[in-house]
Protein chains: 2
Amino acid sequence: MKRSCENDVSVLRYGHRPGRDDRMTTHVGLTARALGADQVIFPDNATQSAETVSDIVSRFGGPFDVERTDGLNATIREWSGTVIHLTMYGERVQDVTEVIRETCLHHQPLLIIIGGEKVPSDVYEWADWNIAVTNQPHSEVAGLAVFLDRLFMGQELEQEWAGAEHVVVPQACGKRVVDAELTTEADEMNAEK
Amino acid sequence: MKRSCENDVSVLRYGHRPGRDDRMTTHVGLTARALGADQVIFPDNATQSAETVSDIVSRFGGPFDVERTDGLNATIREWSGTVIHLTMYGERVQDVTEVIRETCLHHQPLLIIIGGEKVPSDVYEWADWNIAVTNQPHSEVAGLAVFLDRLFMGQELEQEWAGAEHVVVPQACGKRVVDAELTTEADEMNAEK
């Protein structure tokens, strides 16, 4: 499966019910992209979420790959790298993230599994790490976000985006969205000064 | 509006469409609870999300308040403390969180606004801070999670829960959920040794 290799981190959404899960699955994909992963792998039936995430990539930039597969289990079992499963039943994120960052990240491809409603017990066995962002029930999107921010130690917030049409310029109040070409030109003009 | 005062942080969900937004609004509430806020304030029509979050509080512990109001705007405008609005158009979270932690947190009540589909421009004006967890489109739940984890510097992951029926015990593999009374008894027995 194609991967870009900035961080070599992929996020796999395990399970999807079309209609009911569209929004959550889309948010998993968008969060993966915004917070430093290189790729999201959706179940084959998550067509609408895949389209939405791809549309965001084309408008706000990449690189970020959106894949779909009918072989979620095979993807996990045959992963040539570290497999991480985020679950409220796992080890505490604050106890294990540093080890993963130092021994796995940038050494081998990471696959982060984000469960849907029901995750079979096999997934817990296949994973190298079962990790909990709190042992409380909350949101798989929140868990993914906190894990990525901790894994990358905030460096993901500094990433630049290639091929964007639009760029949001941070504002204390209000909204400012500019054409991406204009910001590139402005940067070049500043660099020439 | 009643608030418990551990951190004196409330999360307000701005806007809710019953049915369509139930799951996202519920996740906002559960994420607020799990990651250290003391209270969530929902729009009056978010009855189902309020019930779900209250049910989690009764099973997994608190303190955490769930409120509903038909006066979202008044709640924001009359807030006697700091108002923070999370938006992809705001200032960069990595630039402003330290100032908020040092000058506002534990000094005055914090209100964190999480937008739904459309947030009127007034909200940007009323907020003391408009803050972006990346200036990219992703998920309001992800943004809330990263902001809370950074605001509390991970201390929220260490909190203990009062009045829980169930306690999840962190596991490298599999699931372990125990009766809360049993863990209390076990702790007392260990303390007596």
# chains A, B, ... in the order shown; residues from 1 in each chain; ligands from 1
$ select_by_dssp --residues "region 4-37 of chain A" --states "strand (DSSP E)" --output "list in words"
Val9, Ser10, Val11, Leu12, Arg13 and Tyr14 of chain A
$ write_last_selection --atoms "C-alpha atoms" --output "short mmCIF file (atom, residue, chain, number, x, y, z; two decimals), in the first residue's frame"
data_model
loop_
_atom_site.label_atom_id
_atom_site.label_comp_id
_atom_site.auth_asym_id
_atom_site.auth_seq_id
_atom_site.Cartn_x
_atom_site.Cartn_y
_atom_site.Cartn_z
CA VAL A 9 2.58 6.93 10.18
CA SER A 10 -0.69 5.47 8.90
CA VAL A 11 -4.07 5.52 10.62
CA LEU A 12 -6.48 2.64 10.01
CA ARG A 13 -10.18 3.03 10.75
CA TYR A 14 -11.43 -0.39 11.85
#
$ interface_residues --of "chain A" --to "chain B" --cutoff "6 Å" --atoms "only C-alpha atoms" --output "PyMOL selection string"
chain A and resi 27+30-31+89-91+124+130+134-135+138-139+141-142+145-146+157+168+170-173+175
$ write_last_selection --atoms "N, CA, C and O atoms" --output "PDB file, in the first residue's frame"
ATOM      1  N   HIS A  27     -13.948  12.430  10.356  1.00  0.00           N
ATOM      2  CA  HIS A  27     -13.148  13.155  11.350  1.00  0.00           C
ATOM      3  C   HIS A  27     -11.867  12.398  11.702  1.00  0.00           C
ATOM      4  O   HIS A  27     -10.836  13.019  11.968  1.00  0.00           O
ATOM      5  N   LEU A  30      -9.574  13.309   8.765  1.00  0.00           N
ATOM      6  CA  LEU A  30      -9.121  14.706   8.778  1.00  0.00           C
ATOM      7  C   LEU A  30      -8.167  14.972   9.942  1.00  0.00           C
ATOM      8  O   LEU A  30      -7.207  15.741   9.814  1.00  0.00           O
ATOM      9  N   THR A  31      -8.430  14.328  11.072  1.00  0.00           N
ATOM     10  CA  THR A  31      -7.549  14.495  12.229  1.00  0.00           C
ATOM     11  C   THR A  31      -6.190  13.859  11.953  1.00  0.00           C
ATOM     12  O   THR A  31      -5.144  14.435  12.284  1.00  0.00           O
ATOM     13  N   TYR A  89      -9.045   0.320  27.000  1.00  0.00           N
ATOM     14  CA  TYR A  89      -8.622  -0.773  27.875  1.00  0.00           C
ATOM     15  C   TYR A  89      -7.101  -0.939  27.918  1.00  0.00           C
ATOM     16  O   TYR A  89      -6.590  -1.793  28.635  1.00  0.00           O
ATOM     17  N   GLY A  90      -6.380  -0.139  27.145  1.00  0.00           N
ATOM     18  CA  GLY A  90      -4.951  -0.351  26.974  1.00  0.00           C
ATOM     19  C   GLY A  90      -4.087   0.277  28.056  1.00  0.00           C
ATOM     20  O   GLY A  90      -4.574   0.800  29.064  1.00  0.00           O
ATOM     21  N   GLU A  91      -2.787   0.216  27.822  1.00  0.00           N
ATOM     22  CA  GLU A  91      -1.818   0.835  28.730  1.00  0.00           C
ATOM     23  C   GLU A  91      -1.938   2.354  28.645  1.00  0.00           C
ATOM     24  O   GLU A  91      -2.347   2.907  27.632  1.00  0.00           O
ATOM     25  N   TYR A 124      -6.622  -6.916  19.445  1.00  0.00           N
ATOM     26  CA  TYR A 124      -5.805  -6.686  20.648  1.00  0.00           C
ATOM     27  C   TYR A 124      -4.553  -7.565  20.628  1.00  0.00           C
ATOM     28  O   TYR A 124      -3.492  -7.172  21.108  1.00  0.00           O
ATOM     29  N   ASN A 130      -1.396  -1.888  22.824  1.00  0.00           N
ATOM     30  CA  ASN A 130      -2.759  -1.404  23.053  1.00  0.00           C
ATOM     31  C   ASN A 130      -2.648  -0.224  24.013  1.00  0.00           C
ATOM     32  O   ASN A 130      -2.153  -0.379  25.134  1.00  0.00           O
ATOM     33  N   THR A 134      -6.510   7.970  28.460  1.00  0.00           N
ATOM     34  CA  THR A 134      -7.391   7.767  29.615  1.00  0.00           C
ATOM     35  C   THR A 134      -8.065   6.401  29.486  1.00  0.00           C
ATOM     36  O   THR A 134      -8.321   5.932  28.376  1.00  0.00           O
ATOM     37  N   ASN A 135      -8.358   5.771  30.623  1.00  0.00           N
ATOM     38  CA  ASN A 135      -9.137   4.528  30.606  1.00  0.00           C
ATOM     39  C   ASN A 135     -10.619   4.841  30.788  1.00  0.00           C
ATOM     40  O   ASN A 135     -11.365   4.095  31.420  1.00  0.00           O
ATOM     41  N   HIS A 138     -14.603   7.923  25.892  1.00  0.00           N
ATOM     42  CA  HIS A 138     -14.862   9.250  25.319  1.00  0.00           C
ATOM     43  C   HIS A 138     -14.975   9.155  23.810  1.00  0.00           C
ATOM     44  O   HIS A 138     -15.998   8.651  23.321  1.00  0.00           O
ATOM     45  N   SER A 139     -13.962   9.555  23.064  1.00  0.00           N
ATOM     46  CA  SER A 139     -14.109   9.652  21.619  1.00  0.00           C
ATOM     47  C   SER A 139     -12.856   9.127  20.951  1.00  0.00           C
ATOM     48  O   SER A 139     -11.741   9.502  21.326  1.00  0.00           O
ATOM     49  N   VAL A 141     -11.819   9.925  18.138  1.00  0.00           N
ATOM     50  CA  VAL A 141     -11.168  11.057  17.467  1.00  0.00           C
ATOM     51  C   VAL A 141     -10.304  11.835  18.469  1.00  0.00           C
ATOM     52  O   VAL A 141      -9.175  12.228  18.165  1.00  0.00           O
ATOM     53  N   ALA A 142     -10.823  12.022  19.670  1.00  0.00           N
ATOM     54  CA  ALA A 142     -10.056  12.696  20.719  1.00  0.00           C
ATOM     55  C   ALA A 142      -8.815  11.885  21.082  1.00  0.00           C
ATOM     56  O   ALA A 142      -7.722  12.437  21.250  1.00  0.00           O
ATOM     57  N   ALA A 145      -6.191  12.247  18.395  1.00  0.00           N
ATOM     58  CA  ALA A 145      -5.592  13.586  18.401  1.00  0.00           C
ATOM     59  C   ALA A 145      -4.537  13.715  19.498  1.00  0.00           C
ATOM     60  O   ALA A 145      -3.420  14.183  19.249  1.00  0.00           O
ATOM     61  N   VAL A 146      -4.882  13.296  20.698  1.00  0.00           N
ATOM     62  CA  VAL A 146      -3.935  13.405  21.809  1.00  0.00           C
ATOM     63  C   VAL A 146      -2.725  12.505  21.563  1.00  0.00           C
ATOM     64  O   VAL A 146      -1.578  12.904  21.788  1.00  0.00           O
ATOM     65  N   LEU A 157       2.382  20.441  14.496  1.00  0.00           N
ATOM     66  CA  LEU A 157       1.674  21.718  14.355  1.00  0.00           C
ATOM     67  C   LEU A 157       2.446  22.696  13.473  1.00  0.00           C
ATOM     68  O   LEU A 157       1.904  23.712  13.046  1.00  0.00           O
ATOM     69  N   VAL A 168      -5.250  29.333   5.544  1.00  0.00           N
ATOM     70  CA  VAL A 168      -5.862  30.105   6.627  1.00  0.00           C
ATOM     71  C   VAL A 168      -4.744  30.807   7.388  1.00  0.00           C
ATOM     72  O   VAL A 168      -3.773  30.169   7.803  1.00  0.00           O
ATOM     73  N   PRO A 170      -3.587  32.676  10.693  1.00  0.00           N
ATOM     74  CA  PRO A 170      -4.033  32.787  12.085  1.00  0.00           C
ATOM     75  C   PRO A 170      -4.410  34.225  12.446  1.00  0.00           C
ATOM     76  O   PRO A 170      -3.685  35.163  12.100  1.00  0.00           O
ATOM     77  N   GLN A 171      -5.541  34.367  13.135  1.00  0.00           N
ATOM     78  CA  GLN A 171      -6.062  35.689  13.493  1.00  0.00           C
ATOM     79  C   GLN A 171      -6.520  35.687  14.945  1.00  0.00           C
ATOM     80  O   GLN A 171      -7.148  34.727  15.389  1.00  0.00           O
ATOM     81  N   ALA A 172      -6.278  36.783  15.656  1.00  0.00           N
ATOM     82  CA  ALA A 172      -6.809  36.914  17.015  1.00  0.00           C
ATOM     83  C   ALA A 172      -8.326  37.024  16.990  1.00  0.00           C
ATOM     84  O   ALA A 172      -9.005  36.601  17.923  1.00  0.00           O
ATOM     85  N   CYS A 173      -8.869  37.592  15.914  1.00  0.00           N
ATOM     86  CA  CYS A 173     -10.324  37.710  15.801  1.00  0.00           C
ATOM     87  C   CYS A 173     -10.717  37.675  14.332  1.00  0.00           C
ATOM     88  O   CYS A 173     -10.058  38.291  13.492  1.00  0.00           O
ATOM     89  N   LYS A 175     -11.835  35.907  10.490  1.00  0.00           N
ATOM     90  CA  LYS A 175     -11.347  34.858   9.596  1.00  0.00           C
ATOM     91  C   LYS A 175     -10.512  35.489   8.486  1.00  0.00           C
ATOM     92  O   LYS A 175     -10.894  36.519   7.934  1.00  0.00           O
TER      93      LYS A 175
END
$ select_by_dssp --residues "region 16-165 of chain A" --states "alpha helix (DSSP H)" --output "ChimeraX atom specification"
/A:22-34,47-60,72-77,93-103,121-126,140-151
$ atom_distance --atom1 "CA of Phe64 (chain B)" --atom2 "CA of Val96 (chain A)"
27.7 Å
$ closest_residue --among "B:Asp22, B:Gly36, B:Leu72, B:Glu78" --to "Thr52 (chain B)" --atoms "only C-alpha atoms"
B:Asp22
$ decode --residues "region 1-40 of chain B" --atoms "N, CA and C atoms" --output "compact mmCIF listing (two decimals), in the first residue's frame"
# COMPACT_ATOMS: atom_id res chain seq x y z
N MET B 1 -24.89 29.38 36.94
CA MET B 1 -24.86 27.97 36.55
C MET B 1 -23.87 27.21 37.44
N LYS B 2 -24.30 26.09 37.94
CA LYS B 2 -23.49 25.34 38.91
C LYS B 2 -22.18 24.85 38.25
N ARG B 3 -21.12 24.99 38.99
CA ARG B 3 -19.86 24.45 38.50
C ARG B 3 -19.13 23.80 39.66
N SER B 4 -18.56 22.65 39.40
CA SER B 4 -17.60 22.15 40.37
C SER B 4 -16.30 22.88 40.09
N CYS B 5 -15.37 22.85 41.00
CA CYS B 5 -14.27 23.82 40.92
C CYS B 5 -12.87 23.22 40.92
N GLU B 6 -12.73 21.98 40.47
CA GLU B 6 -11.39 21.40 40.42
C GLU B 6 -10.47 22.27 39.57
N ASN B 7 -10.83 22.39 38.31
CA ASN B 7 -10.05 23.25 37.40
C ASN B 7 -10.84 24.50 37.02
N ASP B 8 -12.13 24.48 37.28
CA ASP B 8 -13.03 25.55 36.89
C ASP B 8 -12.99 25.81 35.38
N VAL B 9 -13.10 24.72 34.65
CA VAL B 9 -13.13 24.80 33.19
C VAL B 9 -14.45 24.20 32.68
N SER B 10 -15.18 25.00 31.91
CA SER B 10 -16.43 24.54 31.32
C SER B 10 -16.29 24.52 29.80
N VAL B 11 -16.97 23.56 29.18
CA VAL B 11 -16.97 23.46 27.72
C VAL B 11 -18.39 23.71 27.24
N LEU B 12 -18.55 24.62 26.30
CA LEU B 12 -19.88 24.94 25.77
C LEU B 12 -19.96 24.51 24.31
N ARG B 13 -20.94 23.67 24.01
CA ARG B 13 -21.17 23.25 22.63
C ARG B 13 -22.11 24.26 21.98
N TYR B 14 -21.60 24.99 20.98
CA TYR B 14 -22.40 26.02 20.33
C TYR B 14 -23.10 25.43 19.12
N GLY B 15 -24.41 25.23 19.24
CA GLY B 15 -25.20 24.72 18.12
C GLY B 15 -25.32 23.21 18.14
N HIS B 16 -26.51 22.73 17.82
CA HIS B 16 -26.76 21.29 17.81
C HIS B 16 -27.99 21.00 16.97
N ARG B 17 -27.87 20.05 16.04
CA ARG B 17 -29.02 19.60 15.28
C ARG B 17 -29.39 18.20 15.75
N PRO B 18 -30.52 18.05 16.45
CA PRO B 18 -30.89 16.73 16.98
C PRO B 18 -30.89 15.68 15.88
N GLY B 19 -30.42 14.50 16.22
CA GLY B 19 -30.31 13.43 15.22
C GLY B 19 -28.96 13.52 14.56
N ARG B 20 -28.81 14.48 13.68
CA ARG B 20 -27.59 14.58 12.90
C ARG B 20 -26.33 14.82 13.76
N ASP B 21 -26.45 15.66 14.79
CA ASP B 21 -25.27 16.01 15.59
C ASP B 21 -25.14 15.23 16.89
N ASP B 22 -26.06 14.31 17.16
CA ASP B 22 -26.06 13.65 18.48
C ASP B 22 -24.70 13.07 18.84
N ARG B 23 -24.12 12.37 17.88
CA ARG B 23 -22.89 11.66 18.21
C ARG B 23 -21.73 12.64 18.46
N MET B 24 -21.60 13.65 17.59
CA MET B 24 -20.51 14.61 17.78
C MET B 24 -20.69 15.38 19.09
N THR B 25 -21.91 15.79 19.37
CA THR B 25 -22.16 16.55 20.60
C THR B 25 -21.87 15.68 21.83
N THR B 26 -22.27 14.41 21.76
CA THR B 26 -21.95 13.48 22.85
C THR B 26 -20.43 13.37 23.03
N HIS B 27 -19.72 13.25 21.91
CA HIS B 27 -18.26 13.12 22.00
C HIS B 27 -17.61 14.38 22.58
N VAL B 28 -18.17 15.54 22.27
CA VAL B 28 -17.67 16.77 22.89
C VAL B 28 -17.81 16.67 24.41
N GLY B 29 -18.97 16.23 24.87
CA GLY B 29 -19.21 16.12 26.32
C GLY B 29 -18.31 15.09 26.98
N LEU B 30 -18.18 13.92 26.35
CA LEU B 30 -17.36 12.86 26.94
C LEU B 30 -15.88 13.23 26.95
N THR B 31 -15.45 13.91 25.91
CA THR B 31 -14.05 14.34 25.84
C THR B 31 -13.77 15.41 26.90
N ALA B 32 -14.71 16.33 27.06
CA ALA B 32 -14.57 17.35 28.11
C ALA B 32 -14.40 16.67 29.47
N ARG B 33 -15.27 15.69 29.76
CA ARG B 33 -15.19 14.98 31.04
C ARG B 33 -13.86 14.22 31.19
N ALA B 34 -13.50 13.44 30.18
CA ALA B 34 -12.33 12.58 30.31
C ALA B 34 -11.04 13.38 30.42
N LEU B 35 -11.01 14.56 29.82
CA LEU B 35 -9.75 15.31 29.75
C LEU B 35 -9.74 16.55 30.63
N GLY B 36 -10.46 16.50 31.75
CA GLY B 36 -10.19 17.46 32.82
C GLY B 36 -11.11 18.65 32.97
N ALA B 37 -12.09 18.83 32.06
CA ALA B 37 -13.05 19.90 32.29
C ALA B 37 -14.00 19.49 33.42
N ASP B 38 -14.68 20.47 33.99
CA ASP B 38 -15.58 20.19 35.12
C ASP B 38 -17.03 20.14 34.71
N GLN B 39 -17.32 20.68 33.53
CA GLN B 39 -18.72 20.85 33.15
C GLN B 39 -18.83 20.95 31.64
N VAL B 40 -19.93 20.42 31.10
CA VAL B 40 -20.27 20.72 29.71
C VAL B 40 -21.62 21.41 29.70
